[in-house]
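Below is the file upload_20.cif, which contains mmCIF, C-alpha atoms.
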data_coords
#
loop_
_atom_site.label_atom_id
_atom_site.label_comp_id
_atom_site.auth_asym_id
_atom_site.auth_seq_id
_atom_site.Cartn_x
_atom_site.Cartn_y
_atom_site.Cartn_z
CA MET A 5 4.43 -4.63 28.26
CA HIS A 6 2.12 -2.10 29.85
CA GLU A 7 -0.30 -4.78 31.09
CA MET A 8 1.16 -4.48 34.61
CA SER A 9 0.36 -0.76 34.62
CA VAL A 10 -3.17 -1.55 33.38
CA ALA A 11 -3.54 -4.24 36.08
CA GLN A 12 -2.41 -1.76 38.76
CA ASN A 13 -5.06 0.69 37.59
CA ILE A 14 -7.74 -2.03 37.80
CA PHE A 15 -6.53 -2.85 41.29
CA GLU A 16 -6.78 0.80 42.37
CA ILE A 17 -10.33 1.02 41.00
CA MET A 18 -11.27 -2.10 43.00
CA GLN A 19 -9.83 -0.55 46.16
CA GLN A 20 -11.87 2.59 45.49
CA TYR A 21 -15.19 0.84 44.92
CA VAL A 22 -15.13 -2.22 47.20
CA PRO A 23 -15.43 -1.66 50.97
CA VAL A 24 -12.43 -3.19 52.77
CA HIS A 25 -14.55 -5.75 54.65
CA GLU A 26 -16.01 -7.05 51.35
CA ALA A 27 -12.72 -7.41 49.45
CA ARG A 28 -12.53 -11.16 50.14
CA ASP A 29 -15.94 -11.60 48.50
CA VAL A 30 -14.88 -10.28 45.09
CA ARG A 31 -15.07 -13.13 42.61
CA ALA A 32 -14.82 -11.39 39.25
CA VAL A 33 -13.96 -8.06 37.70
CA LYS A 34 -15.70 -7.61 34.37
CA LEU A 35 -13.67 -5.69 31.80
CA ARG A 36 -14.46 -4.47 28.32
CA ILE A 37 -11.39 -4.49 26.09
CA GLY A 38 -11.40 -3.51 22.45
CA ASP A 39 -9.37 -5.41 19.89
CA LEU A 40 -7.55 -2.17 19.16
CA ALA A 41 -6.72 -1.35 22.78
CA GLY A 42 -3.26 -2.90 22.53
CA VAL A 43 -3.71 -5.15 25.55
CA VAL A 44 -2.86 -8.87 25.59
CA PRO A 45 -5.61 -10.48 27.72
CA GLU A 46 -3.48 -13.44 28.88
CA SER A 47 -0.72 -11.07 29.94
CA LEU A 48 -3.20 -8.81 31.76
CA GLU A 49 -4.68 -11.82 33.59
CA PHE A 50 -1.20 -12.94 34.64
CA CYS A 51 -0.22 -9.46 35.89
CA PHE A 52 -3.52 -9.14 37.77
CA SER A 53 -3.04 -12.52 39.46
CA VAL A 54 0.47 -11.49 40.56
CA LEU A 55 -0.92 -8.28 42.10
CA ALA A 56 -3.92 -9.96 43.75
CA ASP A 57 -1.95 -12.88 45.21
CA GLY A 58 -1.56 -12.45 48.96
CA THR A 59 -4.11 -9.62 49.17
CA SER A 60 -7.77 -9.68 50.20
CA PHE A 61 -8.64 -9.64 46.47
CA ARG A 62 -6.91 -12.99 45.85
CA ALA A 63 -10.18 -14.77 44.94
CA ALA A 64 -10.89 -12.31 42.13
CA THR A 65 -10.42 -13.20 38.48
CA LEU A 66 -10.79 -11.11 35.35
CA ASP A 67 -13.78 -11.66 33.10
CA ILE A 68 -12.91 -9.99 29.80
CA GLU A 69 -15.47 -9.01 27.16
CA HIS A 70 -13.70 -8.53 23.82
CA VAL A 71 -15.04 -5.73 21.65
CA PRO A 72 -14.36 -6.05 17.92
CA LEU A 73 -13.43 -3.04 15.81
CA SER A 74 -16.56 -1.34 14.52
CA ILE A 75 -16.58 1.55 12.06
CA HIS A 76 -19.04 3.99 10.53
CA CYS A 77 -18.46 4.94 6.89
CA LYS A 78 -19.17 8.61 6.25
CA ALA A 79 -19.25 8.05 2.50
CA CYS A 80 -22.03 5.44 2.36
CA ASP A 81 -23.40 5.79 5.92
CA SER A 82 -22.99 2.09 6.70
CA THR A 83 -21.75 0.51 9.91
CA SER A 84 -19.52 -2.56 9.77
CA LYS A 85 -16.94 -4.68 11.53
CA PRO A 86 -14.02 -4.84 9.09
CA ASP A 87 -11.22 -7.36 9.34
CA MET A 88 -8.26 -5.90 11.16
CA PRO A 89 -6.15 -4.03 10.41
CA ILE A 90 -7.44 -2.35 7.23
CA PHE A 91 -9.76 0.49 8.11
CA VAL A 92 -11.87 0.72 4.96
CA CYS A 93 -15.59 0.38 4.53
CA PRO A 94 -16.29 -3.18 3.29
CA SER A 95 -19.26 -1.85 1.29
CA CYS A 96 -17.84 1.08 -0.68
CA LYS A 97 -14.07 0.82 0.10
CA SER A 98 -13.97 4.39 1.40
CA SER A 99 -11.46 5.12 4.16
CA ASP A 100 -13.44 8.15 5.34
CA ILE A 101 -14.60 6.39 8.49
CA ASP A 102 -15.14 6.96 12.19
CA VAL A 103 -14.17 4.28 14.70
CA LEU A 104 -17.29 3.44 16.73
CA ALA A 105 -15.89 0.67 18.93
CA GLY A 106 -12.77 -1.39 19.45
CA THR A 107 -10.60 0.91 21.54
CA GLU A 108 -12.35 0.26 24.88
CA LEU A 109 -10.33 -0.30 28.04
CA GLN A 110 -12.98 -0.25 30.75
CA VAL A 111 -13.93 -1.77 34.07
CA VAL A 112 -17.60 -2.63 33.70
CA GLU A 113 -18.53 -4.17 37.06
CA ILE A 114 -17.27 -6.04 40.07
CA VAL A 115 -19.05 -9.25 41.07
CA LEU A 116 -19.12 -10.22 44.75
CA GLN A 117 -20.24 -13.48 46.31
CA ASP A 118 -22.47 -12.76 49.27
CA GLN A 119 -21.19 -14.18 52.54
CA GLN A 120 -24.47 -16.15 53.00
CA GLU A 121 -23.80 -17.91 49.67
CA ASP A 122 -20.30 -18.71 50.88
CA SER A 123 -21.56 -20.45 53.97
CA SER A 124 -24.34 -22.35 52.23
CA MET B 300 -24.16 -12.64 44.05
CA SER B 301 -24.11 -8.86 44.17
CA VAL B 302 -22.70 -6.53 41.58
CA ILE B 303 -21.03 -3.12 41.79
CA THR B 304 -21.56 -1.34 38.50
CA ILE B 305 -18.59 0.82 37.55
CA GLU B 306 -18.44 1.54 33.77
CA ARG B 307 -15.20 3.44 34.05
CA LYS B 308 -12.10 3.72 31.89
CA ILE B 309 -9.28 1.67 33.38
CA LEU B 310 -6.84 4.49 32.66
CA ALA B 311 -9.19 7.21 33.97
CA LYS B 312 -6.60 8.30 36.55
CA ASN B 313 -3.97 8.82 33.84
CA ASP B 314 -6.52 10.64 31.66
CA ALA B 315 -7.43 12.99 34.54
CA ILE B 316 -3.78 13.98 35.09
CA ALA B 317 -3.33 14.34 31.32
CA GLY B 318 -6.32 16.70 31.39
CA GLN B 319 -4.60 18.80 34.07
CA ASN B 320 -1.41 18.89 31.97
CA ARG B 321 -3.40 19.91 28.88
CA ALA B 322 -5.20 22.71 30.76
CA LEU B 323 -1.83 23.99 32.00
CA PHE B 324 -0.39 23.97 28.47
CA GLU B 325 -3.41 25.83 27.15
CA ARG B 326 -3.22 28.45 29.90
CA GLN B 327 0.45 29.00 29.10
CA GLY B 328 -0.13 28.99 25.32
CA ILE B 329 2.34 26.13 24.79
CA PHE B 330 2.00 23.75 21.84
CA VAL B 331 2.92 20.22 22.93
CA ILE B 332 3.77 17.22 20.77
CA ASN B 333 4.21 13.62 21.90
CA LEU B 334 6.90 12.12 19.67
CA VAL B 335 6.51 8.35 19.30
CA SER B 336 8.17 5.62 17.23
CA SER B 337 9.83 2.24 17.51
CA PRO B 338 13.40 2.32 18.88
CA GLY B 339 15.91 3.70 16.37
CA ALA B 340 13.44 5.34 13.96
CA GLY B 341 15.11 8.71 14.56
CA LYS B 342 13.07 10.56 17.21
CA THR B 343 16.11 12.25 18.75
CA SER B 344 17.68 12.96 15.36
CA ILE B 345 14.47 14.60 14.10
CA LEU B 346 14.38 16.59 17.33
CA GLU B 347 17.99 17.73 16.88
CA ARG B 348 17.30 18.82 13.28
CA THR B 349 14.18 20.63 14.47
CA LEU B 350 16.12 22.44 17.21
CA GLU B 351 18.78 23.49 14.68
CA HIS B 352 16.18 24.70 12.22
CA LEU B 353 14.07 26.65 14.71
CA ARG B 354 16.96 28.02 16.78
CA GLY B 355 16.43 31.71 17.47
CA ARG B 356 12.85 31.56 16.12
CA VAL B 357 10.97 29.33 18.55
CA LYS B 358 11.57 28.79 22.26
CA ILE B 359 11.54 25.03 22.76
CA GLY B 360 11.59 22.78 25.82
CA VAL B 361 12.09 19.02 25.77
CA ILE B 362 11.09 16.12 28.00
CA GLU B 363 13.05 12.98 27.18
CA GLY B 364 11.69 9.54 28.09
CA ASP B 365 14.00 6.55 28.11
CA VAL B 366 14.12 3.19 29.84
CA GLN B 367 17.70 3.86 30.93
CA THR B 368 20.40 6.57 30.61
CA ASP B 369 20.23 10.31 29.99
CA LEU B 370 22.10 10.05 26.68
CA ASP B 371 19.27 11.67 24.70
CA ALA B 372 19.00 14.55 27.18
CA GLN B 373 22.75 15.11 26.79
CA ARG B 374 22.35 15.29 22.99
CA VAL B 375 19.49 17.75 23.23
CA ALA B 376 21.11 19.88 25.97
CA ARG B 377 23.82 20.90 23.46
CA TYR B 378 21.23 23.22 21.94
CA ASP B 379 21.10 25.20 25.18
CA ILE B 380 17.41 24.63 25.81
CA PRO B 381 15.54 23.40 28.89
CA VAL B 382 15.49 19.61 28.93
CA VAL B 383 14.31 17.12 31.55
CA GLN B 384 15.13 13.42 31.32
CA ILE B 385 12.62 10.89 32.64
CA VAL B 386 14.22 7.47 33.19
CA THR B 387 11.43 4.91 33.43
CA ARG B 388 13.73 2.09 34.71
CA GLY B 389 12.00 -0.61 32.73
CA GLY B 390 8.70 1.16 32.06
CA CYS B 391 7.83 0.89 28.38
CA HIS B 392 5.96 4.20 28.07
CA LEU B 393 5.56 7.62 29.68
CA GLU B 394 2.49 8.27 31.83
CA ALA B 395 0.81 11.61 32.49
CA ASN B 396 1.98 11.81 36.12
CA LEU B 397 5.64 11.43 35.05
CA VAL B 398 5.20 14.34 32.65
CA HIS B 399 3.36 16.32 35.34
CA ASP B 400 6.34 15.88 37.70
CA ALA B 401 8.84 16.74 34.96
CA LEU B 402 6.96 19.99 34.24
CA GLN B 403 7.92 21.26 37.72
CA LYS B 404 11.53 21.40 36.46
CA ILE B 405 10.79 23.53 33.38
CA ASP B 406 10.09 27.26 33.34
CA LEU B 407 6.95 27.11 31.21
CA GLU B 408 6.92 30.89 30.86
CA SER B 409 10.11 30.58 28.80
CA ILE B 410 8.89 28.15 26.11
CA GLN B 411 6.39 28.11 23.22
CA LEU B 412 6.82 24.52 22.09
CA LEU B 413 7.27 21.45 24.29
CA VAL B 414 8.43 18.23 22.68
CA ILE B 415 7.89 15.07 24.73
CA GLU B 416 10.04 12.30 23.29
CA ASN B 417 8.38 9.09 24.42
CA VAL B 418 10.05 5.74 25.06
CA GLY B 419 10.75 3.93 21.77
CA ASN B 420 7.71 1.68 21.46
CA LEU B 421 4.79 1.63 19.02
CA VAL B 422 2.38 -0.22 21.34
CA CYS B 423 2.09 1.03 24.91
CA PRO B 424 2.47 4.83 24.44
CA ALA B 425 -0.69 4.76 22.28
CA ASN B 426 -2.81 4.16 25.38
CA TYR B 427 -1.41 6.87 27.61
CA ASP B 428 -2.53 10.43 26.99
CA LEU B 429 0.11 12.84 28.32
CA GLY B 430 -1.86 16.04 27.73
CA GLU B 431 -0.28 16.72 24.34
CA ALA B 432 -1.96 18.62 21.51
CA CYS B 433 -1.03 15.84 19.11
CA LYS B 434 0.93 12.65 18.69
CA VAL B 435 3.59 12.64 15.99
CA VAL B 436 4.59 9.14 14.90
CA ILE B 437 7.87 8.51 13.10
CA ALA B 438 8.29 5.47 10.84
CA SER B 439 11.65 5.04 9.15
CA THR B 440 12.17 3.46 5.75
CA THR B 441 14.53 0.86 7.26
CA GLU B 442 11.58 -0.60 9.19
CA GLY B 443 9.76 -1.55 5.99
CA ASP B 444 6.37 -0.41 4.76
CA ASP B 445 4.10 -2.55 6.96
CA LYS B 446 4.53 -0.85 10.36
CA PRO B 447 1.17 0.98 10.19
CA LEU B 448 -0.65 -2.34 9.67
CA LYS B 449 1.22 -4.00 12.53
CA TYR B 450 0.65 -1.17 15.01
CA PRO B 451 -2.67 0.35 13.92
CA GLU B 452 -3.66 1.96 17.22
CA MET B 453 -0.65 4.28 17.24
CA PHE B 454 -1.24 5.38 13.65
CA LEU B 455 -4.93 5.84 14.37
CA LYS B 456 -4.21 8.12 17.33
CA ALA B 457 -1.45 10.15 15.65
CA SER B 458 -2.10 13.38 13.79
CA VAL B 459 1.22 13.45 11.95
CA LEU B 460 3.40 10.78 10.33
CA ILE B 461 7.05 11.53 9.64
CA VAL B 462 8.64 9.02 7.26
CA ASN B 463 12.30 9.29 8.20
CA LYS B 464 15.56 8.00 6.65
CA MET B 465 14.34 8.84 3.15
CA ASP B 466 18.00 8.95 2.02
CA LEU B 467 18.15 5.17 2.56
CA LEU B 468 15.03 4.38 0.53
CA ALA B 469 16.97 3.03 -2.45
CA TYR B 470 18.83 0.54 -0.27
CA VAL B 471 16.05 -0.96 1.82
CA ASN B 472 13.00 -3.11 1.25
CA CYS B 473 10.40 -0.38 1.61
CA ASP B 474 7.92 0.99 -0.93
CA ILE B 475 7.18 4.56 0.13
CA ASN B 476 3.79 4.61 -1.59
CA THR B 477 2.75 1.36 0.12
CA LEU B 478 3.90 2.75 3.47
CA LYS B 479 1.82 5.90 3.00
CA GLN B 480 -1.20 3.97 1.70
CA ASN B 481 -1.02 1.62 4.68
CA ALA B 482 -0.88 4.56 7.08
CA LEU B 483 -3.73 6.41 5.35
CA SER B 484 -5.87 3.26 5.25
CA ILE B 485 -5.82 3.38 9.05
CA ASN B 486 -5.99 7.14 9.46
CA PRO B 487 -6.86 9.18 6.34
CA ARG B 488 -6.44 12.40 8.35
CA LEU B 489 -2.68 11.85 8.88
CA LYS B 490 -0.47 14.73 7.78
CA ILE B 491 2.63 13.11 6.23
CA PHE B 492 6.18 14.47 5.97
CA GLU B 493 9.16 12.72 4.36
CA THR B 494 12.48 13.53 5.99
CA SER B 495 16.14 12.65 6.15
CA CYS B 496 18.21 13.72 9.12
CA THR B 497 21.38 13.07 7.11
CA THR B 498 20.56 15.39 4.19
CA ALA B 499 18.00 17.54 6.12
CA SER B 500 15.48 17.05 3.31
CA GLY B 501 11.90 17.58 4.46
CA ILE B 502 12.93 19.27 7.72
CA ASN B 503 11.85 22.67 6.31
CA ALA B 504 8.32 21.47 5.62
CA TRP B 505 8.02 19.76 9.01
CA CYS B 506 9.24 22.86 10.86
CA ASP B 507 6.95 25.13 8.81
CA TRP B 508 4.02 22.97 9.92
CA LEU B 509 5.17 23.23 13.55
CA VAL B 510 5.42 27.03 13.35
CA CYS B 511 1.97 27.15 11.78
CA GLN B 512 0.56 25.15 14.72
CA LEU B 513 2.35 27.46 17.18
CA ASN B 514 0.70 30.46 15.58
CA LYS B 515 -2.69 28.77 15.90
CA HIS B 516 -2.17 27.86 19.55
CA GLY B 517 -0.08 30.81 20.73
#
Mind turning the file's structure into structure tokens?
Amino acid sequence: MHEMSVAQNIFEIMQQYVPVHEARDVRAVKLRIGDLAGVVPESLEFCFSVLADGTSFRAATLDIEHVPLSIHCKACDSTSKPDMPIFVCPSCKSSDIDVLAGTELQVVEIVLQDQQEDSS
Amino acid sequence: MSVITIERKILAKNDAIAGQNRALFERQGIFVINLVSSPGAGKTSILERTLEHLRGRVKIGVIEGDVQTDLDAQRVARYDIPVVQIVTRGGCHLEANLVHDALQKIDLESIQLLVIENVGNLVCPANYDLGEACKVVIASTTEGDDKPLKYPEMFLKASVLIVNKMDLLAYVNCDINTLKQNALSINPRLKIFETSCTTASGINAWCDWLVCQLNKHG
């Protein structure tokens, strides 16, 4: 259960990038999480909400983009998205592959609602 | 709406500290392994056999990670080597800053090999770089042959697989060839050793590999 540690890191990144007086305006934090990153999205959302509750970031929610596993086969030079968890090229069955995507654990952007929009 | 573009790894802070640890290890010429497995696969037993086998030949230091107790550090301290216990008090994995702090308690000048025994867990430790040269994953025969398929990220990130408890193979529901095929289907670059801490089979080959790596990194 390392989702709390991951949530704390997201929180620290928000504190770094969002000026204090704009913290209340944060509506969403966009994340990119690979299927192979070992993170349970529901658990991460729960941990984040526990951390944000009672802080100036309490209006923020997580917006998670899931990235499927993608591999490049060095034997037949094809790129594919194989079914987890077997890491073989669907075309030629070679296991001589590089993982191109699926291990991401990134903060992509923070979305703020402008104060004018709030008042309108 | 306004947007602040970030495009940053969530665990960038951990990775930065891991980078500092790695630079320190390289400066000191220390080969570092991050030993990972599920609870009870035999991490500490493999470590004890390794310490016995390399005693007098390789100067070894150990960082032990456990959720509670210093029982593993007590076991390892019998070999009269530097050992630091990290108690995570509920934390399911070691992080680079914990290792960084533990390093202050070890005389790095006096060791050639540092073994970091992670918390028993095949999920979370896969995400946290500690600054090691490689991850060594242990899967024991009593866990069955499907562990690599259930925990692919760890097997993908490891450089070495030790299949432990080989002496029990005849008594458990585990096909060794299936286990190895499953692991290699995820990571064909895995170097595989088969060991038993009861009979000491395979410990020679594992320790020879370690010494070979030390010579490369020393």
query: What does the distance from CA of His516 (chain B) to CA of Glu325 (chain B) come to in Å, to one decimal?
result: 8.0 Å
- request: Quote the spacing between CA of Asp118 (chain A) and CA of Ala27 (chain A) in Å to one decimal place.
  value: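 Separation of CA of Asp118 (chain A) and CA of Ala27 (chain A): 11.1 Å.
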- prompt: Taking all atoms listed in the file into account, what are the residues of chain B at most 12 Å from chain A, put as a ChimeraX atom specification?
  reply: /B:300-314,389-394,420-427,445-456,480-489
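Considering all atoms listed in the file, the residue among B:Asn320, B:Asn333, B:Asn472, B:Ser495 positioned nearest to Val436 (chain B) is B:Asn333.
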task: Report the distance between CA of Ile359 (chain B) and CA of Val414 (chain B) in Å, rounded to one decimal place.
output: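 CA of Ile359 (chain B) sits 7.5 Å away from CA of Val414 (chain B).
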Can you tell me, as lines of an AutoDock Vina configuration file, the centre and edge lengths (Å, one decimal) of the axis-aligned box enclosing all of region 323-337 of chain B's listed atoms after padding each side by 6 Å?
center_x = 3.2
center_y = 15.6
center_z = 24.6
size_x = 25.2
size_y = 38.8
size_z = 26.8
query: With only C-alpha atoms as the atoms that count, which of B:Asp406, B:Glu493, B:Asp365, B:Asp379 lies nearest to Val459 (chain B)?
result: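 Counting only C-alpha atoms, the residue closest to Val459 (chain B) is B:Glu493.
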field: Shortest interatomic distance to Glu416 (chain B) - which of B:Ser336, B:Gln327, B:Thr498, B:Asn396, counting all atoms listed in the file
entry: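 Distance minimum relative to Glu416 (chain B) lands on B:Ser336.
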